[in-house]
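Report on the structure given below.
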Number of protein chains: 2
Amino acid sequence: MSKLTDVPKRILIGRALRSDRLGETLLPKRIALPVFASDPLSSVAYAPGEVLLVLSIAGVSAYHFSPWIALAVVVLMFTVVASYRQNVHAYPSGGGDYEVATTNLGPRAGLTVASALLVDYVMTVAVSIASGIENLGSAVPFVVEHKVLCAVAVIVLLTLMNLRGVKESGKLFAIPTYVFVGGVFVMIAWGAVRGLVLGDSMRAPSADYHINAEHQGLAGFALVFLLLRAFSSGCAALTGVEAISNGVPAFRKPKSKNAATTLAMMGLLAVTMFCGIIVLAMTTKVRMAENPATDLINHGHPLGSGYVQNPVISQVAEAVFGKGSFLFVVLAAATALVLFLAANTAYNGFPLLGSILAQDRYLPRQLHTRGDRLAFSNGIVLLAGAAALLTVLYGADSTRLIQLYIVGVFVSFTLSQTGMVRHWNRLLAVERDPAKRRHMVRSRAINAFGAFLTGLVLVVVLVTKFTHGAWVAVLGMCIFYATMTAIRKHYDRVAEEIAAPEEPDDDDLVRPSRVHSVVLISKIHRPTLRALAYAKLMRSDGLEALTVNVDAAETKALREEWERRGIDVPLKVLDSPYREVTRPVIEYVKSLRKESPRDAVSVIIPEYVVGHWYEHLLHNQSALRLKGRLLFTPGVMVTSVPYQLASSEAAKVRARRRQEWSAPGAVRRGPAAERAKEPSAPHD
Amino acid sequence: MSKLTDVPKRILIGRALRSDRLGETLLPKRIALPVFASDPLSSVAYAPGEVLLVLSIAGVSAYHFSPWIALAVVVLMFTVVASYRQNVHAYPSGGGDYEVATTNLGPRAGLTVASALLVDYVMTVAVSIASGIENLGSAVPFVVEHKVLCAVAVIVLLTLMNLRGVKESGKLFAIPTYVFVGGVFVMIAWGAVRGLVLGDSMRAPSADYHINAEHQGLAGFALVFLLLRAFSSGCAALTGVEAISNGVPAFRKPKSKNAATTLAMMGLLAVTMFCGIIVLAMTTKVRMAENPATDLINHGHPLGSGYVQNPVISQVAEAVFGKGSFLFVVLAAATALVLFLAANTAYNGFPLLGSILAQDRYLPRQLHTRGDRLAFSNGIVLLAGAAALLTVLYGADSTRLIQLYIVGVFVSFTLSQTGMVRHWNRLLAVERDPAKRRHMVRSRAINAFGAFLTGLVLVVVLVTKFTHGAWVAVLGMCIFYATMTAIRKHYDRVAEEIAAPEEPDDDDLVRPSRVHSVVLISKIHRPTLRALAYAKLMRSDGLEALTVNVDAAETKALREEWERRGIDVPLKVLDSPYREVTRPVIEYVKSLRKESPRDAVSVIIPEYVVGHWYEHLLHNQSALRLKGRLLFTPGVMVTSVPYQLASSEAAKVRARRRQEWSAPGAVRRGPAAERAKEPSAPHD
């Protein structure tokens, strides 16, 4: 269909890209930011609320600690961003925390990081979708009334989209992310104008409620512990910061510099939004409680189970823009969409990490193939299943889910930063240039501080949240760790077993010198005739046709037709009093091997190729079983001679379509050529 | 361990039988009777009660019709027994109703019978177990309080026993069946002695209740309809009568005569027990109602939902032997056991019929292999699943389940007897000997009457029970029929497609003249070295090793080792920018075929053989996928060269154990040699 009009079009929009390369264009910073930052930016939709929620345990008076907690989160955020800027420069291949920890701290640390990240991906899906539903619910009450159902529906939808392989583009990420960021900034600015310039008194919908403090007048250690817990919850704002360090190859050149700049921009945006929302929440007197039904009091009466506690961001938006106003609805929708996008990033990250782990033989080898649909699908389904399970178990309640969330992130932060310190130590041991050394010492200091601070936060998170749910995350990490260790052990054992010896050994001495071919025949039809013809081409040392006599009349007919057609291959008939097929063939093959132990036996099986799984149930089952048994017999090779039935066309078309599929998440990964460091192993 | 003491033992008890032949000893009549009759004999445990239950709708006065209904059942029983005695003589191969209908009435009638029988097997399990639980419950109240749970537990237990493959012996059937038959006869005799000689007044536990008739004083058509419905329910006593006609080969010689005698004995026993129980029920004034909770009245008050209506046989036993007496408990236990044995016969019959249908290509071919464990298991699980579903749906209520039961049996009776009439017609057309002709005419008359009567009953059953549940059975039959027709059509289409032409045609003219071999290599290790060695043995016209370059460093290392080891096969490297394995190989194979279309390509793949399914997930996946794709490529044959890892021993042991397994139900089937008529087809 190439027409003349194509030429101007080509000139105007450039050479047509092949569809499988579409995802591999490099990203400018303005697109890279939303692609990588939907996860960390979206967490400002729930993190501020979590802080207020925990503080409310000590009563509304504890709210005045919230700016200090926000400040602590800001310090932590800048530390983490500064640390990861070092990673981005040191590992431009996009190694990520797993590579950094493995290279510098050894495989156990690497595997710990990997386990933590896998758990983290599951939690990202569960928390982001739960929070997205709650934000959507502030504009559409139906959604929040059927929270679990809607959350699971979104998980299913994302799963199907990712399984089908959606074509991605930077725009898909850019539009909702920028709308969300813009909306929050407009809200903060408009709030400031109304409050400071116009002198309006903006009141959140929950401003008039009183909080029935669980522990009134907390002090001393108990208060410190509560503040630390509130801070832990606020740290949810940091999840996803590490994503850019994985994605360096997807950036335009100079890659590391652009990635570092994007990281800084992201940190600045996140921090501003986080603080802005906290301040607005204080100004508009948002009241959040852990158990709003009993602990929020209106005119002396608890609000009861009918009360839906909307997220802080939505309460603030209501106070600033007015309930049901256009901007309020737009912001609620953008918030939900960005949160769903954040969940979607886990759908890309989980199988990608799986493929890297598979290269290192911690997961089944077949997972490593880039964009392999089957492997990708297995990862997706595992992720979605775990996230859906947690969503249902925790009633799609983002507050309860967040207790499980932050452990994994900070395990990964801490180990990665510690690894970076080792990295600089190693380089400093050989580097002599004073200017470079100074630079390295500075980087090491940043990473060391990052490691210290994130390690401290990890301890705080573990201590304050372990019994609240973090133990589930730790358990999940242990399960991943144990499974991957077992898989790696298995592969190592096998590798040792099959290693080729440098000198010929016993195994080589008994290597067969001749081959005897046996073609299995049930009836004379095209598939068997083809198998016979192919077997003859192979010119083995002996060739015979083999049939099992399960029915005397049929065998007689077969013999007669054999002679009538003058087929020049001897036909051997095996008796089978119990109407079995497998056993007589196996025994015959074994007897051949016993007669002449130096001969190999080649068993040739005609096979039907059909197009549908249900047809497969109707054919080849005995052949498959026989093949399975034959593979256990030493000195045997098994050849399938396929005969394509007409219906096999359907399967061929399906296979071709499958091949053209491109894995979601490609846009974040960058072109294949850029990731040359990723090793791989072929077909086993 | 052969000791000297073995010799006298050998002399005393004969040569030791191989375990797989144990089930194949021929049965004397005294063992054959319980083996085949547990199903029809056990139905007297529920059939009399069903008659009373239906009659109760018209009030207790309708009970006086019960002897007439019993008489009708007796006449029907004698007719059916007489008819099947003809089958047994005419088809000593044990063809059964399916064969008789197919041979004489054509494949559609045969398939109808097969569908009916498959449904019937499901119902046998559901009804027998529900009734067994009710009988057991009359002695052990816990059981009846958890009816559904216990019934499903028994189904699960039977399923597991049958899946594991229990060793059967005639004794297993003989003891409970004879205890049951003996118990019922003692009960009848003792009841007669107490009633007629001692003049005791025996009263059933329900004797004092009044029945609140749903339709008091029914008359005319309505009464006739009710009586017909009661008769339909009584016909449940006839289920299983056809079993002996399937089992003729298992009998001692003269087979047909012995089978016919056993059939007559069974009929006589069943009829005597059925009538005895009905008479005792009338004497002891058993009161049964369809809805005992509302329709049974005690001192003016309905009994309420707490009342458990025990089966007639147990109420009679209580009246005759006394509640909780030793004989009462023995009879209850024997009744339950015989009913479970009856259910067990379906577990044998269902896969056996499946295997016969598979021979005729109405079911997947692999099901036909005698005693094939996998096929057998699928049948068992399907049967158990369907029976368990019905049990749960109908609350394990034998009365409600019986509504579905009798349709299938009578479809099969009617078509089989009609087939027999055709059979005699055919023989009479050629027979000239007057004595033989007389005999045939007599047989034909018996079968014709049998066909007429069972056909009439079928109509009665359909009319009176269709809306009560028989429609479910009819629907089940339709589903089986449609599925089997579709499978047969598929096989026929394929057979036509692959039929070998008498004269060489286009397909033969392009038959390849040379073969080019390609060995797939990932690394150099024992499996690949073995594959190379085997490939060399085959002496094809061209041989090369093929590797896919997914990682430049690894490929370089491979090339170097290849040269260092001096492997005398050229190594071809395929590039794969997208780190795929399958596509480059497929494309290379296609290019080979394009270069020289008259060459076949032989692809040789080293394969690991492992012992556990989870190890299988870790190996061979890429190889399997590649193989799957290669099979769709014309002109290719695919050879697996297995390398047995140490762990594969475990799988070998498992496979051997699996092979030594013998299918349950063997004892009913008789030795393989005796069933020479069963055709079969080998591996496809």
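Ordering of the structure tokens sets the chain letters (A, B, ...); residue numbers start at 1 within each chain; ligands are numbered from 1 in the order shown.
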Exercise for the section: Write out as an MDAnalysis selection string every residue belonging to chain A that has an atom at most 7 Å from any atom of chain B, counting only C-alpha atoms. Expected result: chainID A and resid 364:366 369:370 498:500 513:515 522 524:527 537:540 548 550:551 578:581 609 617:623 631:632 637:642 644 652 672 679:680 682:684
Which of region 58-206 of chain B counts as alpha helix (DSSP H) under DSSP, as a compact mmCIF listing (two decimals) with N, CA and C atoms, in the first residue's frame please?
# COMPACT_ATOMS: atom_id res chain seq x y z
N SER B 66 -49.76 -50.32 47.57
CA SER B 66 -48.34 -50.67 47.48
C SER B 66 -48.09 -52.13 47.06
N PRO B 67 -48.87 -53.11 47.52
CA PRO B 67 -48.60 -54.47 47.02
C PRO B 67 -48.76 -54.57 45.51
N TRP B 68 -49.69 -53.82 44.95
CA TRP B 68 -49.88 -53.88 43.50
C TRP B 68 -48.68 -53.27 42.78
N ILE B 69 -48.20 -52.21 43.37
CA ILE B 69 -47.01 -51.58 42.75
C ILE B 69 -45.82 -52.52 42.86
N ALA B 70 -45.70 -53.18 44.02
CA ALA B 70 -44.63 -54.16 44.18
C ALA B 70 -44.77 -55.24 43.11
N LEU B 71 -45.98 -55.68 42.89
CA LEU B 71 -46.21 -56.72 41.89
C LEU B 71 -45.75 -56.24 40.51
N ALA B 72 -46.09 -54.99 40.18
CA ALA B 72 -45.67 -54.44 38.88
C ALA B 72 -44.15 -54.42 38.78
N VAL B 73 -43.48 -54.03 39.87
CA VAL B 73 -42.02 -54.02 39.85
C VAL B 73 -41.48 -55.43 39.66
N VAL B 74 -42.13 -56.41 40.31
CA VAL B 74 -41.69 -57.80 40.19
C VAL B 74 -41.81 -58.25 38.74
N VAL B 75 -42.95 -57.96 38.13
CA VAL B 75 -43.15 -58.36 36.73
C VAL B 75 -42.06 -57.72 35.86
N LEU B 76 -41.84 -56.44 36.09
CA LEU B 76 -40.83 -55.73 35.31
C LEU B 76 -39.46 -56.35 35.53
N MET B 77 -39.15 -56.66 36.80
CA MET B 77 -37.84 -57.25 37.12
C MET B 77 -37.66 -58.57 36.38
N PHE B 78 -38.70 -59.43 36.43
CA PHE B 78 -38.57 -60.72 35.75
C PHE B 78 -38.40 -60.52 34.24
N THR B 79 -39.13 -59.55 33.70
CA THR B 79 -39.01 -59.28 32.26
C THR B 79 -37.59 -58.85 31.91
N VAL B 80 -37.08 -57.92 32.71
CA VAL B 80 -35.74 -57.41 32.39
C VAL B 80 -34.69 -58.50 32.55
N VAL B 81 -34.81 -59.30 33.63
CA VAL B 81 -33.86 -60.39 33.83
C VAL B 81 -33.94 -61.38 32.66
N ALA B 82 -35.16 -61.74 32.30
CA ALA B 82 -35.32 -62.68 31.19
C ALA B 82 -34.71 -62.10 29.93
N SER B 83 -34.90 -60.81 29.68
CA SER B 83 -34.36 -60.17 28.48
C SER B 83 -32.84 -60.21 28.51
N TYR B 84 -32.25 -59.85 29.65
CA TYR B 84 -30.79 -59.78 29.70
C TYR B 84 -30.16 -61.17 29.65
N ARG B 85 -30.94 -62.21 30.05
CA ARG B 85 -30.41 -63.58 29.87
C ARG B 85 -30.21 -63.85 28.38
N GLN B 86 -31.03 -63.24 27.55
CA GLN B 86 -30.83 -63.39 26.10
C GLN B 86 -29.55 -62.65 25.67
N ASN B 87 -29.36 -61.45 26.20
CA ASN B 87 -28.15 -60.69 25.86
C ASN B 87 -26.89 -61.49 26.19
N VAL B 88 -26.91 -62.06 27.40
CA VAL B 88 -25.74 -62.76 27.89
C VAL B 88 -25.39 -63.92 26.97
N HIS B 89 -26.42 -64.62 26.46
CA HIS B 89 -26.15 -65.72 25.55
C HIS B 89 -25.69 -65.22 24.19
N ALA B 90 -26.31 -64.13 23.73
CA ALA B 90 -26.02 -63.65 22.38
C ALA B 90 -24.68 -62.91 22.31
N GLY B 96 -22.34 -55.53 26.48
CA GLY B 96 -23.12 -54.55 27.22
C GLY B 96 -24.06 -53.78 26.29
N ASP B 97 -24.85 -52.93 26.90
CA ASP B 97 -25.91 -52.23 26.16
C ASP B 97 -25.36 -51.38 25.03
N TYR B 98 -24.20 -50.75 25.27
CA TYR B 98 -23.63 -49.88 24.25
C TYR B 98 -23.32 -50.65 22.98
N GLU B 99 -22.71 -51.83 23.15
CA GLU B 99 -22.34 -52.62 21.98
C GLU B 99 -23.60 -53.14 21.28
N VAL B 100 -24.56 -53.63 22.08
CA VAL B 100 -25.78 -54.18 21.49
C VAL B 100 -26.50 -53.10 20.69
N ALA B 101 -26.62 -51.92 21.26
CA ALA B 101 -27.34 -50.84 20.57
C ALA B 101 -26.58 -50.39 19.33
N THR B 102 -25.24 -50.26 19.45
CA THR B 102 -24.46 -49.80 18.30
C THR B 102 -24.53 -50.81 17.16
N THR B 103 -24.33 -52.10 17.48
CA THR B 103 -24.30 -53.13 16.45
C THR B 103 -25.64 -53.24 15.73
N ASN B 104 -26.72 -53.17 16.50
CA ASN B 104 -28.02 -53.48 15.90
C ASN B 104 -28.83 -52.25 15.50
N LEU B 105 -28.61 -51.14 16.15
CA LEU B 105 -29.44 -49.96 15.86
C LEU B 105 -28.63 -48.81 15.29
N PRO B 107 -24.85 -46.30 15.22
CA PRO B 107 -24.03 -45.54 16.17
C PRO B 107 -24.81 -44.51 16.98
N ARG B 108 -25.85 -43.91 16.40
CA ARG B 108 -26.57 -42.90 17.18
C ARG B 108 -27.26 -43.50 18.39
N ALA B 109 -27.90 -44.66 18.17
CA ALA B 109 -28.54 -45.33 19.30
C ALA B 109 -27.47 -45.71 20.32
N GLY B 110 -26.34 -46.21 19.83
CA GLY B 110 -25.27 -46.60 20.74
C GLY B 110 -24.80 -45.43 21.57
N LEU B 111 -24.64 -44.29 20.91
CA LEU B 111 -24.16 -43.11 21.62
C LEU B 111 -25.18 -42.63 22.64
N THR B 112 -26.47 -42.76 22.28
CA THR B 112 -27.52 -42.40 23.23
C THR B 112 -27.41 -43.27 24.47
N VAL B 113 -27.25 -44.58 24.24
CA VAL B 113 -27.11 -45.50 25.36
C VAL B 113 -25.89 -45.12 26.20
N ALA B 114 -24.79 -44.82 25.51
CA ALA B 114 -23.57 -44.47 26.24
C ALA B 114 -23.78 -43.23 27.09
N SER B 115 -24.43 -42.20 26.51
CA SER B 115 -24.69 -40.99 27.29
C SER B 115 -25.55 -41.30 28.49
N ALA B 116 -26.58 -42.14 28.27
CA ALA B 116 -27.48 -42.50 29.36
C ALA B 116 -26.71 -43.22 30.45
N LEU B 117 -25.82 -44.14 30.05
CA LEU B 117 -25.08 -44.90 31.05
C LEU B 117 -24.11 -44.01 31.82
N LEU B 118 -23.49 -43.06 31.14
CA LEU B 118 -22.55 -42.18 31.84
C LEU B 118 -23.30 -41.38 32.92
N VAL B 119 -24.49 -40.85 32.53
CA VAL B 119 -25.29 -40.14 33.52
C VAL B 119 -25.68 -41.09 34.65
N ASP B 120 -26.04 -42.31 34.27
CA ASP B 120 -26.47 -43.30 35.23
C ASP B 120 -25.37 -43.60 36.26
N TYR B 121 -24.13 -43.68 35.81
CA TYR B 121 -23.04 -43.94 36.75
C TYR B 121 -22.92 -42.82 37.77
N VAL B 122 -23.03 -41.59 37.28
CA VAL B 122 -22.97 -40.46 38.21
C VAL B 122 -24.08 -40.58 39.25
N MET B 123 -25.30 -40.90 38.78
CA MET B 123 -26.44 -40.99 39.68
C MET B 123 -26.28 -42.16 40.64
N THR B 124 -25.70 -43.27 40.18
CA THR B 124 -25.49 -44.41 41.07
C THR B 124 -24.65 -43.99 42.26
N VAL B 125 -23.58 -43.24 41.98
CA VAL B 125 -22.73 -42.78 43.07
C VAL B 125 -23.53 -41.89 44.01
N ALA B 126 -24.20 -40.89 43.45
CA ALA B 126 -24.90 -39.90 44.28
C ALA B 126 -26.00 -40.57 45.11
N VAL B 127 -26.86 -41.37 44.46
CA VAL B 127 -28.00 -41.96 45.16
C VAL B 127 -27.54 -43.00 46.17
N SER B 128 -26.61 -43.87 45.78
CA SER B 128 -26.20 -44.94 46.68
C SER B 128 -25.55 -44.36 47.93
N ILE B 129 -24.71 -43.36 47.74
CA ILE B 129 -24.03 -42.82 48.91
C ILE B 129 -25.01 -42.05 49.80
N ALA B 130 -25.93 -41.29 49.18
CA ALA B 130 -26.92 -40.58 49.98
C ALA B 130 -27.74 -41.58 50.78
N SER B 131 -28.17 -42.65 50.14
CA SER B 131 -28.97 -43.65 50.84
C SER B 131 -28.15 -44.38 51.89
N GLY B 132 -26.89 -44.67 51.57
CA GLY B 132 -26.01 -45.33 52.55
C GLY B 132 -25.87 -44.48 53.80
N ILE B 133 -25.71 -43.17 53.59
CA ILE B 133 -25.58 -42.27 54.73
C ILE B 133 -26.86 -42.26 55.56
N GLU B 134 -28.03 -42.29 54.89
CA GLU B 134 -29.30 -42.29 55.62
C GLU B 134 -29.45 -43.58 56.43
N ASN B 135 -29.03 -44.73 55.85
CA ASN B 135 -29.11 -45.99 56.57
C ASN B 135 -28.16 -46.02 57.76
N LEU B 136 -26.95 -45.55 57.53
CA LEU B 136 -25.97 -45.49 58.61
C LEU B 136 -26.50 -44.55 59.70
N GLY B 137 -27.14 -43.47 59.25
CA GLY B 137 -27.66 -42.48 60.18
C GLY B 137 -28.74 -43.02 61.09
N SER B 138 -29.46 -44.08 60.66
CA SER B 138 -30.49 -44.65 61.52
C SER B 138 -29.86 -45.32 62.74
N ALA B 139 -28.58 -45.71 62.62
CA ALA B 139 -27.89 -46.29 63.78
C ALA B 139 -26.97 -45.27 64.45
N PRO B 141 -26.70 -41.35 64.82
CA PRO B 141 -27.37 -40.07 64.51
C PRO B 141 -26.42 -38.99 64.00
N PHE B 142 -25.17 -38.99 64.46
CA PHE B 142 -24.23 -37.94 64.03
C PHE B 142 -24.19 -37.86 62.51
N VAL B 143 -24.18 -39.04 61.88
CA VAL B 143 -24.02 -39.10 60.43
C VAL B 143 -25.16 -38.37 59.72
N VAL B 144 -26.38 -38.57 60.20
CA VAL B 144 -27.51 -37.97 59.49
C VAL B 144 -27.62 -36.48 59.81
N GLU B 145 -27.04 -36.08 60.94
CA GLU B 145 -27.03 -34.65 61.28
C GLU B 145 -26.06 -33.87 60.38
N LYS B 147 -25.32 -34.79 57.10
CA LYS B 147 -25.55 -35.62 55.92
C LYS B 147 -24.65 -35.28 54.74
N VAL B 148 -24.70 -33.99 54.32
CA VAL B 148 -23.97 -33.59 53.11
C VAL B 148 -22.47 -33.79 53.32
N LEU B 149 -22.00 -33.37 54.49
CA LEU B 149 -20.58 -33.49 54.79
C LEU B 149 -20.14 -34.95 54.73
N CYS B 150 -20.92 -35.84 55.38
CA CYS B 150 -20.54 -37.25 55.40
C CYS B 150 -20.60 -37.85 54.00
N ALA B 151 -21.64 -37.48 53.24
CA ALA B 151 -21.77 -38.04 51.89
C ALA B 151 -20.58 -37.62 51.04
N VAL B 152 -20.21 -36.34 51.12
CA VAL B 152 -19.07 -35.87 50.33
C VAL B 152 -17.79 -36.56 50.81
N ALA B 153 -17.68 -36.77 52.14
CA ALA B 153 -16.50 -37.44 52.67
C ALA B 153 -16.40 -38.86 52.10
N VAL B 154 -17.54 -39.56 52.01
CA VAL B 154 -17.50 -40.92 51.45
C VAL B 154 -17.10 -40.87 49.97
N ILE B 155 -17.63 -39.87 49.23
CA ILE B 155 -17.25 -39.74 47.82
C ILE B 155 -15.74 -39.53 47.71
N VAL B 156 -15.22 -38.63 48.56
CA VAL B 156 -13.78 -38.35 48.51
C VAL B 156 -12.99 -39.62 48.83
N LEU B 157 -13.45 -40.34 49.86
CA LEU B 157 -12.75 -41.55 50.27
C LEU B 157 -12.73 -42.58 49.13
N LEU B 158 -13.90 -42.82 48.54
CA LEU B 158 -13.96 -43.77 47.43
C LEU B 158 -13.06 -43.31 46.29
N THR B 159 -13.08 -41.99 46.02
CA THR B 159 -12.27 -41.46 44.93
C THR B 159 -10.79 -41.73 45.18
N LEU B 160 -10.36 -41.42 46.40
CA LEU B 160 -8.94 -41.63 46.72
C LEU B 160 -8.58 -43.11 46.61
N MET B 161 -9.46 -43.96 47.16
CA MET B 161 -9.19 -45.40 47.08
C MET B 161 -9.03 -45.84 45.63
N ASN B 162 -9.93 -45.35 44.80
CA ASN B 162 -9.88 -45.77 43.40
C ASN B 162 -8.72 -45.16 42.65
N LEU B 163 -8.36 -43.93 43.02
CA LEU B 163 -7.21 -43.31 42.35
C LEU B 163 -5.93 -44.04 42.73
N ARG B 164 -5.84 -44.43 43.98
CA ARG B 164 -4.64 -45.14 44.42
C ARG B 164 -4.60 -46.53 43.80
N GLY B 170 -12.73 -60.86 45.30
CA GLY B 170 -14.14 -61.18 45.36
C GLY B 170 -14.67 -61.07 46.78
N LYS B 171 -13.81 -61.44 47.75
CA LYS B 171 -14.24 -61.43 49.16
C LYS B 171 -14.70 -60.07 49.61
N LEU B 172 -14.00 -59.05 49.13
CA LEU B 172 -14.33 -57.69 49.49
C LEU B 172 -15.80 -57.42 49.21
N PHE B 173 -16.29 -57.96 48.08
CA PHE B 173 -17.68 -57.78 47.73
C PHE B 173 -18.56 -58.79 48.46
N ALA B 174 -18.04 -60.02 48.57
CA ALA B 174 -18.88 -61.12 49.01
C ALA B 174 -19.38 -60.91 50.44
N ILE B 175 -18.47 -60.55 51.37
CA ILE B 175 -18.86 -60.54 52.78
C ILE B 175 -19.99 -59.55 53.06
N PRO B 176 -19.81 -58.24 52.72
CA PRO B 176 -20.94 -57.35 53.05
C PRO B 176 -22.21 -57.69 52.29
N THR B 177 -22.08 -58.11 51.03
CA THR B 177 -23.29 -58.41 50.27
C THR B 177 -24.04 -59.58 50.89
N TYR B 178 -23.31 -60.65 51.23
CA TYR B 178 -24.01 -61.79 51.81
C TYR B 178 -24.55 -61.48 53.20
N VAL B 179 -23.82 -60.65 53.97
CA VAL B 179 -24.33 -60.26 55.28
C VAL B 179 -25.63 -59.47 55.10
N PHE B 180 -25.63 -58.58 54.09
CA PHE B 180 -26.82 -57.77 53.83
C PHE B 180 -28.00 -58.65 53.42
N VAL B 181 -27.75 -59.52 52.41
CA VAL B 181 -28.82 -60.38 51.93
C VAL B 181 -29.29 -61.29 53.07
N GLY B 182 -28.35 -61.89 53.78
CA GLY B 182 -28.70 -62.76 54.90
C GLY B 182 -29.51 -61.99 55.94
N GLY B 183 -29.07 -60.79 56.25
CA GLY B 183 -29.75 -59.98 57.26
C GLY B 183 -31.19 -59.69 56.86
N VAL B 184 -31.39 -59.33 55.60
CA VAL B 184 -32.75 -59.02 55.15
C VAL B 184 -33.62 -60.28 55.22
N PHE B 185 -33.04 -61.43 54.83
CA PHE B 185 -33.84 -62.65 54.86
C PHE B 185 -34.17 -63.06 56.29
N VAL B 186 -33.18 -62.93 57.19
CA VAL B 186 -33.47 -63.24 58.61
C VAL B 186 -34.58 -62.32 59.09
N MET B 187 -34.50 -61.05 58.68
CA MET B 187 -35.51 -60.09 59.13
C MET B 187 -36.90 -60.50 58.63
N ILE B 188 -36.96 -60.88 57.35
CA ILE B 188 -38.26 -61.27 56.79
C ILE B 188 -38.77 -62.52 57.52
N ALA B 189 -37.86 -63.51 57.70
CA ALA B 189 -38.28 -64.77 58.33
C ALA B 189 -38.71 -64.51 59.78
N TRP B 190 -37.89 -63.77 60.50
CA TRP B 190 -38.19 -63.49 61.91
C TRP B 190 -39.47 -62.67 62.03
N GLY B 191 -39.66 -61.75 61.10
CA GLY B 191 -40.88 -60.97 61.08
C GLY B 191 -42.08 -61.88 60.85
N ALA B 192 -41.93 -62.82 59.93
CA ALA B 192 -43.03 -63.75 59.63
C ALA B 192 -43.33 -64.61 60.86
Practice task
Determine the nearest neighbour of Ala545 (chain B) from the options B:Lys572, B:Arg287, B:Arg598, B:Lys29, counting only C-alpha atoms.
Solution key: B:Lys572
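Between Leu227 (chain A) and the residues A:Phe65, A:Phe410, A:Trp471, A:Tyr209, the shortest atom-to-atom distance, using only C-alpha atoms, involves A:Phe65.
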Exercise for the section: Kindly give the distance, in Å, that separates CA of Asp200 (chain A) and CA of Leu55 (chain A), rounded to a single decimal. Expected result: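 Spanning CA of Asp200 (chain A) to CA of Leu55 (chain A) is a straight-line distance of 26.9 Å.
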Exercise for the section: Please provide as a VMD selection string all residues within 10 Å of Thr399 (chain A), with the sequence filter that same-chain residues fewer than 5 positions apart are discarded (counting only C-alpha atoms). Expected result: chain A and resid 46 to 47 49 to 50 53 to 54 127 130 to 131 233 290 394 404
Would you save the residues of that selection, restricted to N, CA and C atoms, as a compact mmCIF listing (two decimals), in the first residue's frame?
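Here's the written file out29.txt:
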# COMPACT_ATOMS: atom_id res chain seq x y z
N TYR A 46 -1.12 10.39 50.01
CA TYR A 46 -1.51 9.70 51.25
C TYR A 46 -0.56 9.96 52.43
N ALA A 47 0.73 10.30 52.13
CA ALA A 47 1.69 10.42 53.23
C ALA A 47 1.29 11.48 54.27
N GLY A 49 -1.58 12.60 55.22
CA GLY A 49 -2.70 12.11 56.01
C GLY A 49 -2.24 11.11 57.05
N GLU A 50 -1.31 10.23 56.65
CA GLU A 50 -0.83 9.22 57.59
C GLU A 50 -0.16 9.85 58.80
N LEU A 53 -2.83 11.21 61.06
CA LEU A 53 -3.56 10.08 61.63
C LEU A 53 -2.86 9.51 62.84
N VAL A 54 -1.55 9.33 62.72
CA VAL A 54 -0.81 8.77 63.86
C VAL A 54 -0.77 9.78 65.01
N VAL A 127 -1.04 -0.38 47.90
CA VAL A 127 -1.23 0.92 48.55
C VAL A 127 -1.71 1.96 47.55
N ALA A 130 -5.35 1.32 46.59
CA ALA A 130 -6.26 1.62 47.70
C ALA A 130 -6.40 3.12 47.87
N SER A 131 -5.26 3.83 47.80
CA SER A 131 -5.32 5.27 47.98
C SER A 131 -6.02 5.94 46.80
N SER A 233 5.42 6.88 59.05
CA SER A 233 4.32 6.91 58.09
C SER A 233 4.58 7.96 57.03
N GLU A 290 -7.40 7.59 63.61
CA GLU A 290 -7.17 6.21 63.20
C GLU A 290 -8.49 5.47 63.07
N TYR A 394 -6.84 -6.67 53.75
CA TYR A 394 -6.80 -5.42 54.51
C TYR A 394 -7.94 -4.48 54.11
N LEU A 404 2.74 -2.02 56.04
CA LEU A 404 3.58 -3.06 55.44
C LEU A 404 4.57 -2.47 54.43
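We find CA of Val330 (chain B) and CA of Leu268 (chain B) to be spaced 23.2 Å apart.
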